[in-house]
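Undergrad: The following file, structure.cif, comprises mmCIF, C-alpha atoms and all ligand atoms:
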data_final
loop_
_atom_site.group_PDB
_atom_site.id
_atom_site.type_symbol
_atom_site.label_atom_id
_atom_site.label_comp_id
_atom_site.auth_asym_id
_atom_site.auth_seq_id
_atom_site.Cartn_x
_atom_site.Cartn_y
_atom_site.Cartn_z
ATOM 1 C CA MET A 19 85.801 191.941 69.582
ATOM 2 C CA ASN A 20 88.267 191.541 72.387
ATOM 3 C CA ASN A 21 90.957 193.136 70.329
ATOM 4 C CA THR A 22 88.772 196.156 69.622
ATOM 5 C CA ASN A 23 87.981 196.638 73.312
ATOM 6 C CA LEU A 24 91.629 196.393 74.184
ATOM 7 C CA LEU A 25 92.496 199.044 71.622
ATOM 8 C CA HIS A 26 89.858 201.384 73.001
ATOM 9 C CA LEU A 27 91.117 200.921 76.529
ATOM 10 C CA THR A 28 94.699 201.563 75.477
ATOM 11 C CA GLY A 29 93.674 204.702 73.626
ATOM 12 C CA ALA A 30 91.676 206.064 76.549
ATOM 13 C CA GLY A 31 94.479 205.312 78.957
ATOM 14 C CA ALA A 32 96.976 207.121 76.777
ATOM 15 C CA LEU A 33 94.687 210.156 76.565
ATOM 16 C CA LEU A 34 94.240 210.214 80.331
ATOM 17 C CA LEU A 35 97.992 210.038 80.853
ATOM 18 C CA LEU A 36 98.532 212.869 78.381
ATOM 19 C CA ALA A 37 95.849 215.019 80.025
ATOM 20 C CA SER A 38 97.239 214.542 83.518
ATOM 21 C CA SER A 39 100.799 215.254 82.451
ATOM 22 C CA LEU A 40 99.646 218.464 80.762
ATOM 23 C CA ALA A 41 97.626 219.523 83.801
ATOM 24 C CA HIS A 42 100.615 219.049 86.063
ATOM 25 C CA ALA A 43 103.150 220.562 83.726
ATOM 26 C CA ASP A 44 104.860 223.367 85.622
ATOM 27 C CA PRO A 45 106.654 225.699 83.200
ATOM 28 C CA CYS A 46 109.163 226.501 85.972
ATOM 29 C CA LYS A 47 110.240 222.852 86.235
ATOM 30 C CA LEU A 48 112.199 221.520 83.289
ATOM 31 C CA THR A 49 113.453 218.024 82.637
ATOM 32 C CA LEU A 50 115.891 217.023 79.951
ATOM 33 C CA GLU A 51 117.626 213.801 79.094
ATOM 34 C CA SER A 52 121.115 212.866 78.078
ATOM 35 C CA ASN A 53 122.353 209.552 76.738
ATOM 36 C CA ASP A 54 125.255 207.279 75.817
ATOM 37 C CA GLN A 55 125.456 208.945 72.383
ATOM 38 C CA MET A 56 126.650 212.221 73.956
ATOM 39 C CA GLN A 57 123.400 214.086 73.322
ATOM 40 C CA PHE A 58 120.833 216.196 75.112
ATOM 41 C CA ASN A 59 117.269 215.510 73.929
ATOM 42 C CA VAL A 60 116.441 219.225 73.541
ATOM 43 C CA ARG A 61 118.151 222.112 71.764
ATOM 44 C CA GLU A 62 116.203 224.839 73.506
ATOM 45 C CA LEU A 63 114.731 225.473 76.952
ATOM 46 C CA VAL A 64 112.268 228.298 77.607
ATOM 47 C CA VAL A 65 111.233 229.657 80.986
ATOM 48 C CA PRO A 66 108.434 232.246 81.287
ATOM 49 C CA THR A 67 109.034 235.392 83.310
ATOM 50 C CA GLU A 68 106.344 234.311 85.816
ATOM 51 C CA CYS A 69 108.842 231.867 87.317
ATOM 52 C CA THR A 70 110.743 233.205 90.289
ATOM 53 C CA GLU A 71 112.603 229.944 90.654
ATOM 54 C CA VAL A 72 113.566 227.359 88.072
ATOM 55 C CA GLU A 73 114.155 223.689 88.702
ATOM 56 C CA VAL A 74 116.097 221.734 86.102
ATOM 57 C CA THR A 75 116.438 217.970 86.240
ATOM 58 C CA LEU A 76 119.003 216.221 84.093
ATOM 59 C CA LYS A 77 118.423 212.529 83.475
ATOM 60 C CA HIS A 78 120.968 210.178 81.969
ATOM 61 C CA SER A 79 118.944 207.574 80.109
ATOM 62 C CA GLY A 80 122.023 205.625 79.014
ATOM 63 C CA LYS A 81 123.957 202.803 80.660
ATOM 64 C CA MET A 82 127.534 204.028 80.588
ATOM 65 C CA PRO A 83 129.200 205.117 83.831
ATOM 66 C CA ALA A 84 129.955 208.738 84.690
ATOM 67 C CA ARG A 85 133.705 208.268 84.238
ATOM 68 C CA SER A 86 133.341 207.428 80.542
ATOM 69 C CA MET A 87 130.042 209.104 79.527
ATOM 70 C CA GLY A 88 129.208 211.479 82.363
ATOM 71 C CA HIS A 89 127.102 214.571 81.691
ATOM 72 C CA ASP A 90 126.285 217.709 83.589
ATOM 73 C CA TRP A 91 123.990 220.632 82.831
ATOM 74 C CA VAL A 92 125.527 224.055 83.140
ATOM 75 C CA LEU A 93 123.812 227.393 82.515
ATOM 76 C CA ALA A 94 125.664 230.589 81.656
ATOM 77 C CA LYS A 95 125.591 233.534 79.319
ATOM 78 C CA ASP A 96 126.212 232.360 75.783
ATOM 79 C CA SER A 97 129.323 234.555 75.666
ATOM 80 C CA ASP A 98 130.796 232.813 78.767
ATOM 81 C CA MET A 99 130.365 229.235 77.560
ATOM 82 C CA SER A 100 133.790 228.692 75.963
ATOM 83 C CA ALA A 101 135.680 230.126 78.927
ATOM 84 C CA ILE A 102 133.725 227.973 81.388
ATOM 85 C CA VAL A 103 134.300 224.820 79.319
ATOM 86 C CA ASN A 104 138.048 225.540 79.293
ATOM 87 C CA ALA A 105 138.091 226.278 83.020
ATOM 88 C CA GLY A 106 136.193 223.027 83.559
ATOM 89 C CA LEU A 107 138.833 221.090 81.631
ATOM 90 C CA ALA A 108 141.513 222.633 83.826
ATOM 91 C CA ALA A 109 139.515 221.738 86.955
ATOM 92 C CA GLY A 110 139.541 218.101 85.824
ATOM 93 C CA PRO A 111 137.530 215.019 86.767
ATOM 94 C CA ALA A 112 138.084 215.371 90.533
ATOM 95 C CA ARG A 113 136.049 218.575 90.444
ATOM 96 C CA GLY A 114 133.498 217.244 87.950
ATOM 97 C CA TYR A 115 134.946 219.383 85.146
ATOM 98 C CA LEU A 116 133.580 222.525 86.765
ATOM 99 C CA PRO A 117 135.616 225.477 87.979
ATOM 100 C CA GLU A 118 134.983 226.206 91.649
ATOM 101 C CA HIS A 119 133.280 229.446 92.722
ATOM 102 C CA ASP A 120 132.995 230.683 89.164
ATOM 103 C CA ALA A 121 130.615 233.645 89.143
ATOM 104 C CA ARG A 122 129.925 233.146 85.430
ATOM 105 C CA ILE A 123 128.101 229.896 86.178
ATOM 106 C CA ILE A 124 124.430 230.635 86.845
ATOM 107 C CA ALA A 125 123.482 227.044 87.662
ATOM 108 C CA ALA A 126 125.043 223.603 87.349
ATOM 109 C CA THR A 127 124.195 220.026 88.204
ATOM 110 C CA PRO A 128 126.833 217.512 89.239
ATOM 111 C CA ILE A 129 127.915 214.997 86.595
ATOM 112 C CA VAL A 130 125.619 211.992 86.243
ATOM 113 C CA GLY A 131 126.202 208.581 84.702
ATOM 114 C CA GLY A 132 123.768 206.142 83.096
ATOM 115 C CA GLY A 133 120.534 205.670 85.055
ATOM 116 C CA GLU A 134 121.249 208.625 87.326
ATOM 117 C CA SER A 135 119.697 212.061 87.518
ATOM 118 C CA ALA A 136 120.452 215.348 89.213
ATOM 119 C CA THR A 137 118.419 218.471 89.910
ATOM 120 C CA VAL A 138 119.448 222.075 90.340
ATOM 121 C CA LYS A 139 117.315 225.021 91.465
ATOM 122 C CA PHE A 140 118.101 228.641 90.888
ATOM 123 C CA ALA A 141 116.401 232.015 91.176
ATOM 124 C CA THR A 142 115.419 233.839 88.008
ATOM 125 C CA SER A 143 116.657 237.055 89.625
ATOM 126 C CA LEU A 144 119.996 235.822 88.231
ATOM 127 C CA LEU A 145 118.616 236.125 84.690
ATOM 128 C CA GLN A 146 117.933 239.138 82.498
ATOM 129 C CA PRO A 147 115.233 238.940 79.824
ATOM 130 C CA GLY A 148 116.700 239.423 76.379
ATOM 131 C CA THR A 149 120.147 238.062 77.267
ATOM 132 C CA ARG A 150 121.359 235.063 75.299
ATOM 133 C CA TYR A 151 121.950 232.115 77.611
ATOM 134 C CA ALA A 152 123.346 228.721 76.795
ATOM 135 C CA PHE A 153 123.203 225.363 78.525
ATOM 136 C CA PHE A 154 125.941 222.844 77.961
ATOM 137 C CA CYS A 155 127.853 219.850 79.306
ATOM 138 C CA THR A 156 131.401 220.388 80.583
ATOM 139 C CA SER A 157 132.649 216.819 80.143
ATOM 140 C CA PRO A 158 135.709 216.982 77.865
ATOM 141 C CA GLY A 159 134.682 217.496 74.238
ATOM 142 C CA HIS A 160 130.960 217.209 74.915
ATOM 143 C CA SER A 161 129.962 220.869 74.582
ATOM 144 C CA THR A 162 130.610 220.818 70.831
ATOM 145 C CA VAL A 163 127.348 218.856 70.500
ATOM 146 C CA MET A 164 125.861 218.935 74.009
ATOM 147 C CA ARG A 165 124.700 222.520 74.027
ATOM 148 C CA GLY A 166 121.513 224.466 73.542
ATOM 149 C CA THR A 167 119.792 227.797 73.924
ATOM 150 C CA PHE A 168 118.153 228.870 77.162
ATOM 151 C CA LYS A 169 115.529 231.593 76.918
ATOM 152 C CA PHE A 170 114.042 233.523 79.800
ATOM 153 C CA GLY A 171 110.792 235.344 79.139
ATOM 154 C CA ASP A 172 110.577 234.488 75.477
ATOM 155 C CA LYS A 173 107.096 233.372 74.532
ATOM 156 C CA SER A 174 107.520 233.474 70.764
ATOM 157 C CA ARG A 175 108.136 229.741 70.662
ATOM 158 C CA LEU A 176 104.772 228.991 72.327
ATOM 159 C CA VAL A 177 102.959 231.191 69.807
ATOM 160 C CA SER A 178 104.615 229.619 66.785
ATOM 161 C CA ALA A 179 103.989 226.135 68.171
ATOM 162 C CA SER A 180 100.223 226.745 68.426
ATOM 163 C CA GLU A 181 100.188 228.324 64.960
ATOM 164 C CA LYS A 182 101.751 225.200 63.523
ATOM 165 C CA THR A 183 99.082 222.908 64.981
ATOM 166 C CA GLY A 184 96.245 225.192 63.742
HETATM 167 CU CU CU1 A 201 128.217 215.311 78.348
#
Can I see the file as structure tokens?
Ligand code: CU1

TA:
Amino acid sequence: MNNTNLLHLTGAGALLLLASSLAHADPCKLTLESNDQMQFNVRELVVPTECTEVEVTLKHSGKMPARSMGHDWVLAKDSDMSAIVNAGLAAGPARGYLPEHDARIIAATPIVGGGESATVKFATSLLQPGTRYAFFCTSPGHSTVMRGTFKFGDKSRLVSASEKTG
């Protein structure tokens, strides 16, 4: 009897939490995680064209320090990624593996270590719908796996997601 009540309470609480997180979900505010296994937890980020400003928060859910497993989140055109990664290597750890004043970089967080997070805001006037953008980490060697697609104004993913559930 007690066990059944407890289960019901837990279920209702979980539903409430889910409902409130959905109600407060702002499509212009994105959060992604990174870890000690050199991974981002998403391969794709989508921002609708209604957003005039985007806020991206990068969390490091691992325990390793920034000097050995630091991650950043950098946004650029897909075609600029390799050049920025190389320029970041040349810039070195003192500059957080990011080239200074590089116009190809649309947005970038500083490097975070385990337990830390960083947020960057940028205007979507910097983005063009239909252009292929990539997000990636500029720590040495990380961008081979720590990379993903960033889409501005692409709603096809939302449509296909609801089709799958139906
Ligand atoms: Cu990284």

Undergrad: 7 Å from ligand CU1 201 (chain A) is the threshold here; counting only C-alpha atoms and all ligand atoms, which polymer residues fall inside it? Answer as a list in words.

TA: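 The residues near ligand CU1 201 (chain A) are Met56, Met87, Gly88, His89, Asp90, Cys155, Thr156, Ser157, His160, Ser161 and Met164 of chain A.
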
Undergrad: As a list in words, please: the residues near Gly148 of chain A (cut-off 10 Å, all atoms listed in the file, same-chain neighbours under 3 positions excluded).

TA: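 Within the cut-off, the hits are Leu145, Tyr151, Lys169, Phe170, Gly171 and Asp172 of chain A.
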
Undergrad: One number please: atom CA of Gln57 of chain A to atom CA of Ser143 of chain A, in Å, one decimal.

TA: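 Here the two named atoms are 29.0 Å from each other.
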
Undergrad: Restricting the calculation to only C-alpha atoms, which member of A:Arg165, A:Val138, A:Pro66, A:Gly159 is positioned closest to Gly106 of chain A?

TA: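 Ranked by minimum distance to Gly106 of chain A, first place goes to A:Gly159.
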
Undergrad: Name the residues in contact with segment 114-122 of chain A at a cut-off of 12 Å, using all atoms listed in the file, excluding same-chain residues fewer than 3 positions from it; report them as number ranges by chain.

TA: A: 84-85, 88-111, 125-131, 144-145, 151-152, 154-161

Undergrad: Please report the interatomic distance between atom CA of Lys139 of chain A and atom CA of His78 of chain A in Å with one decimal.

TA: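 Between atom CA of Lys139 of chain A and atom CA of His78 of chain A the gap is 18.0 Å.
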
Undergrad: Would you work out the distance separating atom CA of Lys81 of chain A from atom CA of Gln55 of chain A, expressed in Å to one decimal?

TA: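 Taking atom CA of Lys81 of chain A as the start and atom CA of Gln55 of chain A as the end point, the length is 10.4 Å.
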
Undergrad: Here's the selection I'm unsure about, the PyMOL selection byres (((chain A and resi 74) around 6) and not hetatm); applied to the file above, which residues does it give, as a list of chain:residue names?

TA: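 Answer for the PyMOL selection byres (((chain A and resi 74) around 6) and not hetatm): A:Lys47, A:Leu48, A:Thr49, A:Glu73, A:Thr75, A:Thr137, A:Val138.
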
Undergrad: So for segment 162-165 of chain A, what box centre and size do we get, axis-aligned, 4 Å extra on each of the six sides, every listed atom, Å to one decimal, as AutoDock Vina command-line options?

TA:
--center_x 127.7 --center_y 220.7 --center_z 72.3 --size_x 13.9 --size_y 11.7 --size_z 11.5

Undergrad: If we count all atoms listed in the file, what is near Cys46 of chain A at a cut-off of 7 Å, once residues fewer than 4 positions away on the same chain are taken out, given as an mmCIF file with C-alpha atoms, in the frame of the given file?

TA:
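Output saved as result-v8.cif:
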data_model
loop_
_atom_site.group_PDB
_atom_site.id
_atom_site.type_symbol
_atom_site.label_atom_id
_atom_site.label_comp_id
_atom_site.auth_asym_id
_atom_site.auth_seq_id
_atom_site.Cartn_x
_atom_site.Cartn_y
_atom_site.Cartn_z
ATOM 1 C CA VAL A 65 111.233 229.657 80.986
ATOM 2 C CA CYS A 69 108.842 231.867 87.317
ATOM 3 C CA GLU A 71 112.603 229.944 90.654
ATOM 4 C CA VAL A 72 113.566 227.359 88.072
ATOM 5 C CA GLU A 73 114.155 223.689 88.702
#

Undergrad: For Glu68 of chain A, which of A:Gly80, A:Pro45, A:Gly132, A:Gly166 is the closest residue, counting only C-alpha atoms?

TA: A:Pro45

Undergrad: From the set A:Phe153, A:Phe140, A:Thr162, A:Lys77, which residue has the shortest atom-to-atom contact distance to Arg61 of chain A, counting all atoms listed in the file?

TA: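 Nearest to Arg61 of chain A: A:Phe153.
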
Undergrad: Using all atoms listed in the file, find the one residue out of A:Arg150, A:Phe168, A:Val163, A:Arg113 that sits nearest to Phe58 of chain A.

TA: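 For Phe58 of chain A, the nearest of the given residues is A:Val163.
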